[in-house]
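Text of the file structure-v7.cif, holding mmCIF, C-alpha atoms:
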```cif
data_data
#
loop_
_atom_site.group_PDB
_atom_site.id
_atom_site.type_symbol
_atom_site.label_atom_id
_atom_site.label_comp_id
_atom_site.auth_asym_id
_atom_site.auth_seq_id
_atom_site.Cartn_x
_atom_site.Cartn_y
_atom_site.Cartn_z
ATOM 1 C CA MET A 591 -230.195 -127.068 138.927
ATOM 2 C CA PRO A 592 -233.072 -129.539 139.398
ATOM 3 C CA LEU A 593 -232.394 -132.661 141.461
ATOM 4 C CA PHE A 594 -232.835 -135.257 138.709
ATOM 5 C CA SER A 595 -230.685 -133.241 136.301
ATOM 6 C CA ARG A 596 -227.798 -133.177 138.826
ATOM 7 C CA ILE A 597 -228.085 -136.930 139.365
ATOM 8 C CA ALA A 598 -228.155 -137.549 135.593
ATOM 9 C CA GLN A 599 -225.036 -135.424 135.046
ATOM 10 C CA LYS A 600 -223.050 -137.483 137.552
ATOM 11 C CA LYS A 601 -224.239 -140.750 135.996
ATOM 12 C CA LYS A 602 -223.369 -139.550 132.471
ATOM 13 C CA ILE A 603 -219.852 -138.638 133.564
ATOM 14 C CA SER A 604 -219.207 -141.981 135.238
ATOM 15 C CA PHE A 605 -220.706 -144.042 132.411
ATOM 16 C CA PHE A 606 -219.772 -142.167 129.236
ATOM 17 C CA ILE A 607 -216.928 -139.790 129.989
ATOM 18 C CA ASP A 608 -214.471 -141.322 132.436
ATOM 19 C CA THR A 609 -213.496 -144.031 129.918
ATOM 20 C CA ILE A 610 -212.534 -141.582 127.130
ATOM 21 C CA ALA A 611 -208.810 -141.241 126.439
ATOM 22 C CA LYS A 612 -207.453 -137.888 127.611
ATOM 23 C CA ASP A 613 -206.021 -137.131 124.150
ATOM 24 C CA ALA A 614 -209.245 -137.934 122.242
ATOM 25 C CA CYS A 615 -210.552 -135.265 119.892
ATOM 26 C CA ILE A 616 -214.010 -134.519 121.361
ATOM 27 C CA LEU A 617 -216.932 -132.502 120.017
ATOM 28 C CA GLU A 618 -219.946 -131.829 122.214
ATOM 29 C CA ILE A 619 -223.078 -130.805 120.322
ATOM 30 C CA GLY A 620 -225.525 -128.648 122.252
ATOM 31 C CA CYS A 621 -223.110 -127.826 125.056
ATOM 32 C CA GLY A 622 -225.597 -125.429 126.686
ATOM 33 C CA ASN A 623 -224.263 -124.090 129.980
ATOM 34 C CA ASN A 624 -220.904 -125.868 129.405
ATOM 35 C CA TRP A 625 -221.192 -128.161 132.442
ATOM 36 C CA LEU A 626 -219.606 -131.055 130.540
ATOM 37 C CA GLY A 627 -216.965 -128.973 128.787
ATOM 38 C CA ASN A 628 -215.930 -127.458 132.121
ATOM 39 C CA TYR A 629 -215.648 -130.940 133.617
ATOM 40 C CA LEU A 630 -213.560 -132.209 130.685
ATOM 41 C CA LEU A 631 -211.167 -129.265 130.685
ATOM 42 C CA LYS A 632 -210.800 -129.295 134.477
ATOM 43 C CA ASN A 633 -209.944 -133.007 134.347
ATOM 44 C CA GLU A 634 -207.287 -132.721 131.633
ATOM 45 C CA TRP A 635 -209.061 -133.681 128.438
ATOM 46 C CA CYS A 636 -207.091 -131.363 126.220
ATOM 47 C CA ASN A 637 -208.808 -131.563 122.830
ATOM 48 C CA TYR A 638 -212.428 -130.523 123.450
ATOM 49 C CA LYS A 639 -214.759 -128.303 121.428
ATOM 50 C CA GLY A 640 -218.359 -127.449 122.254
ATOM 51 C CA ILE A 641 -220.880 -126.227 119.701
ATOM 52 C CA ASP A 642 -224.208 -124.546 120.352
ATOM 53 C CA VAL A 643 -226.403 -121.856 118.858
ATOM 54 C CA GLU A 644 -226.611 -120.013 122.200
ATOM 55 C CA GLY A 645 -224.372 -119.105 125.116
ATOM 56 C CA ASN A 646 -220.580 -119.106 124.981
ATOM 57 C CA PRO A 647 -219.523 -122.322 123.263
ATOM 58 C CA THR A 648 -216.149 -122.883 121.635
ATOM 59 C CA ILE A 649 -217.984 -122.809 118.281
ATOM 60 C CA LYS A 650 -221.167 -120.806 117.948
ATOM 61 C CA GLY A 651 -223.505 -122.126 115.291
ATOM 62 C CA ASP A 652 -225.653 -124.976 114.031
ATOM 63 C CA ILE A 653 -223.944 -128.366 113.737
ATOM 64 C CA ASN A 654 -225.674 -128.938 110.403
ATOM 65 C CA SER A 655 -223.665 -125.978 109.054
ATOM 66 C CA TRP A 656 -220.395 -127.559 110.226
ATOM 67 C CA GLN A 657 -218.514 -126.931 106.975
ATOM 68 C CA SER A 658 -219.000 -123.156 107.243
ATOM 69 C CA LEU A 659 -217.872 -123.312 110.894
ATOM 70 C CA GLY A 660 -214.400 -124.612 110.042
ATOM 71 C CA LEU A 661 -214.975 -128.243 111.021
ATOM 72 C CA LYS A 662 -213.590 -131.031 108.844
ATOM 73 C CA PRO A 663 -214.854 -134.476 107.871
ATOM 74 C CA ASP A 664 -213.477 -137.352 109.979
ATOM 75 C CA GLU A 665 -212.149 -134.842 112.562
ATOM 76 C CA PHE A 666 -213.435 -136.268 115.850
ATOM 77 C CA ASP A 667 -212.819 -139.444 117.836
ATOM 78 C CA ILE A 668 -215.842 -138.790 120.053
ATOM 79 C CA ILE A 669 -219.024 -136.794 119.525
ATOM 80 C CA ILE A 670 -221.255 -136.211 122.531
ATOM 81 C CA ALA A 671 -224.895 -135.195 122.130
ATOM 82 C CA PHE A 672 -226.662 -135.317 125.479
ATOM 83 C CA GLU A 673 -230.336 -134.339 125.166
ATOM 84 C CA VAL A 674 -229.930 -133.014 121.609
ATOM 85 C CA VAL A 675 -231.228 -135.488 119.006
ATOM 86 C CA GLU A 676 -234.832 -134.940 120.058
ATOM 87 C CA HIS A 677 -234.480 -131.294 118.959
ATOM 88 C CA ASP A 678 -232.769 -131.595 115.557
ATOM 89 C CA ASN A 679 -231.771 -134.117 112.905
ATOM 90 C CA ILE A 680 -227.998 -134.242 113.414
ATOM 91 C CA TRP A 681 -227.264 -137.863 112.432
ATOM 92 C CA GLU A 682 -225.660 -137.178 109.039
ATOM 93 C CA SER A 683 -223.493 -134.371 110.409
ATOM 94 C CA CYS A 684 -222.297 -136.635 113.227
ATOM 95 C CA TYR A 685 -221.489 -139.408 110.796
ATOM 96 C CA LEU A 686 -219.471 -137.115 108.533
ATOM 97 C CA LEU A 687 -217.557 -135.494 111.421
ATOM 98 C CA LEU A 688 -216.603 -138.749 113.165
ATOM 99 C CA LYS A 689 -213.383 -140.520 112.288
ATOM 100 C CA PRO A 690 -213.764 -144.132 111.103
ATOM 101 C CA GLY A 691 -214.257 -146.151 114.275
ATOM 102 C CA GLY A 692 -215.232 -142.988 116.166
ATOM 103 C CA ARG A 693 -217.976 -143.079 118.763
ATOM 104 C CA LEU A 694 -221.167 -141.106 119.141
ATOM 105 C CA LEU A 695 -222.461 -140.825 122.736
ATOM 106 C CA ILE A 696 -226.167 -140.050 122.980
ATOM 107 C CA THR A 697 -228.774 -139.500 125.651
ATOM 108 C CA THR A 698 -232.340 -138.614 124.709
ATOM 109 C CA PRO A 699 -235.801 -139.050 126.173
ATOM 110 C CA ASN A 700 -237.630 -142.299 125.509
ATOM 111 C CA PRO A 701 -240.745 -141.402 123.468
ATOM 112 C CA ALA A 702 -242.964 -143.597 125.662
ATOM 113 C CA GLY A 703 -241.849 -141.772 128.813
ATOM 114 C CA ASP A 704 -241.701 -138.194 127.553
ATOM 115 C CA TRP A 705 -245.022 -137.362 129.214
ATOM 116 C CA VAL A 706 -243.493 -138.251 132.602
ATOM 117 C CA LEU A 707 -240.577 -135.912 131.884
ATOM 118 C CA ARG A 708 -243.055 -133.097 131.235
ATOM 119 C CA ILE A 709 -244.541 -133.673 134.688
ATOM 120 C CA LEU A 710 -241.062 -133.709 136.271
ATOM 121 C CA GLU A 711 -240.271 -130.438 134.484
ATOM 122 C CA PHE A 712 -243.508 -128.912 135.801
ATOM 123 C CA LEU A 713 -242.558 -130.016 139.324
ATOM 124 C CA ARG A 714 -239.064 -128.516 138.771
ATOM 125 C CA LEU A 715 -237.392 -131.867 139.404
ATOM 126 C CA ASN A 716 -235.957 -132.085 135.901
ATOM 127 C CA GLN A 717 -234.369 -129.561 133.537
ATOM 128 C CA LYS A 718 -236.887 -127.632 131.493
ATOM 129 C CA ARG A 719 -236.738 -128.316 127.765
ATOM 130 C CA THR A 720 -235.353 -125.529 125.609
ATOM 131 C CA SER A 721 -237.358 -126.361 122.475
ATOM 132 C CA PRO A 722 -239.974 -128.894 121.340
ATOM 133 C CA HIS A 723 -239.034 -132.559 120.975
ATOM 134 C CA THR A 724 -239.827 -132.530 117.252
ATOM 135 C CA TYR A 725 -237.305 -135.299 116.430
ATOM 136 C CA LEU A 726 -238.017 -137.575 119.408
ATOM 137 C CA GLN A 727 -237.472 -141.196 118.372
ATOM 138 C CA ASN A 728 -236.324 -144.612 119.491
ATOM 139 C CA ILE A 729 -232.575 -144.783 118.873
ATOM 140 C CA LYS A 730 -231.745 -148.453 119.371
ATOM 141 C CA LYS A 731 -230.606 -148.650 115.742
ATOM 142 C CA ILE A 732 -229.531 -145.677 113.654
ATOM 143 C CA LYS A 733 -228.759 -145.724 109.930
ATOM 144 C CA ASN A 734 -225.008 -145.879 109.110
ATOM 145 C CA PHE A 735 -223.971 -146.526 112.739
ATOM 146 C CA GLU A 736 -223.199 -149.727 114.610
ATOM 147 C CA THR A 737 -224.928 -149.881 117.993
ATOM 148 C CA VAL A 738 -222.286 -150.612 120.624
ATOM 149 C CA TYR A 739 -224.539 -150.041 123.653
ATOM 150 C CA TYR A 740 -228.195 -149.216 124.163
ATOM 151 C CA LYS A 741 -230.249 -149.017 127.329
ATOM 152 C CA LYS A 742 -233.463 -147.430 128.537
ATOM 153 C CA ILE A 743 -233.143 -145.780 131.944
ATOM 154 C CA PHE A 744 -236.369 -146.136 133.979
ATOM 155 C CA ASN A 745 -238.216 -146.116 130.622
ATOM 156 C CA LEU A 746 -237.664 -142.321 130.618
ATOM 157 C CA SER A 747 -234.303 -141.922 128.897
ATOM 158 C CA GLN A 748 -232.316 -143.723 126.216
ATOM 159 C CA TRP A 749 -228.549 -143.987 126.510
ATOM 160 C CA ALA A 750 -226.558 -145.199 123.523
ATOM 161 C CA ILE A 751 -223.076 -145.512 122.125
ATOM 162 C CA PHE A 752 -222.761 -145.781 118.357
ATOM 163 C CA LYS A 753 -219.687 -146.501 116.265
ATOM 164 C CA LYS A 754 -218.982 -145.194 112.783
#
```

Structure rendered as structure tokens:
Amino acid sequence: MPLFSRIAQKKKISFFIDTIAKDACILEIGCGNNWLGNYLLKNEWCNYKGIDVEGNPTIKGDINSWQSLGLKPDEFDIIIAFEVVEHDNIWESCYLLLKPGGRLLITTPNPAGDWVLRILEFLRLNQKRTSPHTYLQNIKKIKNFETVYYKKIFNLSQWAIFKK
């Protein structure tokens, strides 16, 4: 795993994850190689599901087809989408799946710094993107959600917590 990706994973765990109640109902969208799901399950979060279109997630499929995948409205306390929203428009699905007061945890590239990330990918210092950043956007405010926290990290990444 590239150096900057390993550093980012550790920072995401300490900032976003370690404050989540162990009994929270958690959905991770775009779980990829399951690094976060493995961490959660190993550290006693007992109600975790990961969804992705590839690999071996708990639920295999597209989050925007959540109804056909057996998911229910207002089912989750926490939805995690690290490096996902730049690839697909998932905002409405997240809103419908979150319980009232539930939280959406997001990391995504900052549009102004995406060119730097391309260079870091080329130098193999950062994880290579899996698909184009078609939906790359500033996420300081998102329709239907209350912004609880928003920060740009080195003008390269955006980290946010939204509340339904």

- request: Please write as a list in words the full residue list that the PyMOL selection byres ((chain A and resi 598-607) around 10) yields on this file.
  value: Leu593, Phe594, Ser595, Arg596, Ile597, Asp608, Thr609, Ile610, Ala611, Lys612, Trp625, Leu626, Tyr629, Leu630, Ile670, Phe672, Leu695, Ile696, Thr697, Asn716, Trp749, Ala750 and Ile751 of chain A

Care to translate the PyMOL selection byres ((chain A and resi 745) around 12) into actual residues of this file, as a CSV table (one decimal) with C-alpha atoms, keeping the file's coordinate frame?
```csv
chain,number,residue,atom,x,y,z
A,698,THR,CA,-232.3,-138.6,124.7
A,699,PRO,CA,-235.8,-139.0,126.2
A,700,ASN,CA,-237.6,-142.3,125.5
A,701,PRO,CA,-240.7,-141.4,123.5
A,702,ALA,CA,-243.0,-143.6,125.7
A,703,GLY,CA,-241.8,-141.8,128.8
A,704,ASP,CA,-241.7,-138.2,127.6
A,705,TRP,CA,-245.0,-137.4,129.2
A,706,VAL,CA,-243.5,-138.3,132.6
A,707,LEU,CA,-240.6,-135.9,131.9
A,728,ASN,CA,-236.3,-144.6,119.5
A,741,LYS,CA,-230.2,-149.0,127.3
A,742,LYS,CA,-233.5,-147.4,128.5
A,743,ILE,CA,-233.1,-145.8,131.9
A,744,PHE,CA,-236.4,-146.1,134.0
A,746,LEU,CA,-237.7,-142.3,130.6
A,747,SER,CA,-234.3,-141.9,128.9
A,748,GLN,CA,-232.3,-143.7,126.2
A,749,TRP,CA,-228.5,-144.0,126.5
```

One-decimal distance in Å that lies between CA of Asp652 (chain A) and CA of Cys621 (chain A):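 Result for CA of Cys621 (chain A) versus CA of Asp652 (chain A): 11.7 Å, one decimal.
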
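For the residues A:Ala614, A:Ile619, A:Ile709, A:Cys684, ranking by smallest atom-to-atom distance to Glu634 (chain A) using all atoms listed in the file places A:Ala614 first.
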
- request: Calculate how many Å separate CA of Ile653 (chain A) from CA of Lys753 (chain A), rounding to one decimal.
  value: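 Computing the Euclidean distance for CA of Ile653 (chain A) and CA of Lys753 (chain A) yields 18.8 Å.
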
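For the file shown, the residue list from the PyMOL selection byres ((chain A and resi 641-645) around 8) reads A:Leu617, A:Glu618, A:Ile619, A:Gly620, A:Cys621, A:Gly622, A:Asn623, A:Lys639, A:Gly640, A:Asn646, A:Pro647, A:Thr648, A:Ile649, A:Lys650, A:Gly651, A:Asp652, A:Ile653.
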
- prompt: Could you tell me, as an MDAnalysis selection string, which residues have any atom at most 8 Å from (-234.5, -133.9, 118.1), counting only C-alpha atoms?
  reply: chainID A and resid 674:679 723:727

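Across the structure, CA of Ser683 (chain A) and CA of Trp656 (chain A) are spaced 7.5 Å apart.
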
message: Give me the residues near Phe735 (chain A) as a list in words, where near means some atom within 10 Å (using all atoms listed in the file) and where sequence neighbours in that chain fewer than 3 positions away do not count.
response: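 Using all atoms listed in the file, the neighbours found are Trp681, Tyr685, Gly691, Arg693, Leu694, Lys731, Ile732, Val738, Ile751, Phe752, Lys753 and Lys754 of chain A.
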
As lines of an AutoDock Vina configuration file: centre and edge lengths in Å, one decimal, of the axis-aligned box holding region 628-639 of chain A with 4 Å per side:
```
center_x = -211.5
center_y = -130.6
center_z = 128.0
size_x = 16.8
size_y = 14.2
size_z = 21.0
```

For region 665-683 of chain A, supply N, CA and C atoms and format the output as a PDB file, keeping the file's coordinate frame.
```
ATOM      1  N   GLU A 665    -213.002-135.603 111.640  1.00  0.00           N
ATOM      2  CA  GLU A 665    -212.149-134.842 112.562  1.00  0.00           C
ATOM      3  C   GLU A 665    -212.166-135.364 113.995  1.00  0.00           C
ATOM      4  N   PHE A 666    -213.266-135.985 114.425  1.00  0.00           N
ATOM      5  CA  PHE A 666    -213.435-136.268 115.850  1.00  0.00           C
ATOM      6  C   PHE A 666    -213.433-137.757 116.169  1.00  0.00           C
ATOM      7  N   ASP A 667    -212.795-138.079 117.308  1.00  0.00           N
ATOM      8  CA  ASP A 667    -212.819-139.444 117.836  1.00  0.00           C
ATOM      9  C   ASP A 667    -214.134-139.713 118.553  1.00  0.00           C
ATOM     10  N   ILE A 668    -214.642-138.687 119.225  1.00  0.00           N
ATOM     11  CA  ILE A 668    -215.842-138.790 120.053  1.00  0.00           C
ATOM     12  C   ILE A 668    -216.742-137.594 119.761  1.00  0.00           C
ATOM     13  N   ILE A 669    -218.027-137.859 119.564  1.00  0.00           N
ATOM     14  CA  ILE A 669    -219.024-136.794 119.525  1.00  0.00           C
ATOM     15  C   ILE A 669    -220.032-137.099 120.624  1.00  0.00           C
ATOM     16  N   ILE A 670    -220.316-136.088 121.423  1.00  0.00           N
ATOM     17  CA  ILE A 670    -221.255-136.211 122.531  1.00  0.00           C
ATOM     18  C   ILE A 670    -222.466-135.342 122.218  1.00  0.00           C
ATOM     19  N   ALA A 671    -223.648-135.943 122.324  1.00  0.00           N
ATOM     20  CA  ALA A 671    -224.895-135.195 122.130  1.00  0.00           C
ATOM     21  C   ALA A 671    -225.875-135.638 123.209  1.00  0.00           C
ATOM     22  N   PHE A 672    -225.769-135.002 124.370  1.00  0.00           N
ATOM     23  CA  PHE A 672    -226.662-135.317 125.479  1.00  0.00           C
ATOM     24  C   PHE A 672    -227.893-134.423 125.361  1.00  0.00           C
ATOM     25  N   GLU A 673    -229.052-135.049 125.238  1.00  0.00           N
ATOM     26  CA  GLU A 673    -230.336-134.339 125.166  1.00  0.00           C
ATOM     27  C   GLU A 673    -230.366-133.362 123.993  1.00  0.00           C
ATOM     28  N   VAL A 674    -229.973-133.861 122.807  1.00  0.00           N
ATOM     29  CA  VAL A 674    -229.930-133.014 121.609  1.00  0.00           C
ATOM     30  C   VAL A 674    -230.742-133.600 120.459  1.00  0.00           C
ATOM     31  N   VAL A 675    -230.646-134.905 120.221  1.00  0.00           N
ATOM     32  CA  VAL A 675    -231.228-135.488 119.006  1.00  0.00           C
ATOM     33  C   VAL A 675    -232.750-135.407 118.955  1.00  0.00           C
ATOM     34  N   GLU A 676    -233.380-135.130 120.075  1.00  0.00           N
ATOM     35  CA  GLU A 676    -234.832-134.940 120.058  1.00  0.00           C
ATOM     36  C   GLU A 676    -235.215-133.564 119.525  1.00  0.00           C
ATOM     37  N   HIS A 677    -234.232-132.664 119.414  1.00  0.00           N
ATOM     38  CA  HIS A 677    -234.480-131.294 118.959  1.00  0.00           C
ATOM     39  C   HIS A 677    -234.127-131.053 117.494  1.00  0.00           C
ATOM     40  N   ASP A 678    -233.247-131.864 116.921  1.00  0.00           N
ATOM     41  CA  ASP A 678    -232.769-131.595 115.557  1.00  0.00           C
ATOM     42  C   ASP A 678    -232.257-132.887 114.935  1.00  0.00           C
ATOM     43  N   ASN A 679    -232.289-132.957 113.634  1.00  0.00           N
ATOM     44  CA  ASN A 679    -231.771-134.117 112.905  1.00  0.00           C
ATOM     45  C   ASN A 679    -230.278-133.888 112.635  1.00  0.00           C
ATOM     46  N   ILE A 680    -229.445-134.473 113.491  1.00  0.00           N
ATOM     47  CA  ILE A 680    -227.998-134.242 113.414  1.00  0.00           C
ATOM     48  C   ILE A 680    -227.225-135.485 112.983  1.00  0.00           C
ATOM     49  N   TRP A 681    -227.921-136.574 112.672  1.00  0.00           N
ATOM     50  CA  TRP A 681    -227.264-137.863 112.432  1.00  0.00           C
ATOM     51  C   TRP A 681    -226.243-137.815 111.299  1.00  0.00           C
ATOM     52  N   GLU A 682    -226.593-137.223 110.172  1.00  0.00           N
ATOM     53  CA  GLU A 682    -225.660-137.178 109.039  1.00  0.00           C
ATOM     54  C   GLU A 682    -224.427-136.342 109.368  1.00  0.00           C
ATOM     55  N   SER A 683    -224.629-135.218 110.022  1.00  0.00           N
ATOM     56  CA  SER A 683    -223.493-134.371 110.409  1.00  0.00           C
ATOM     57  C   SER A 683    -222.553-135.134 111.336  1.00  0.00           C
TER      58      SER A 683
END
```
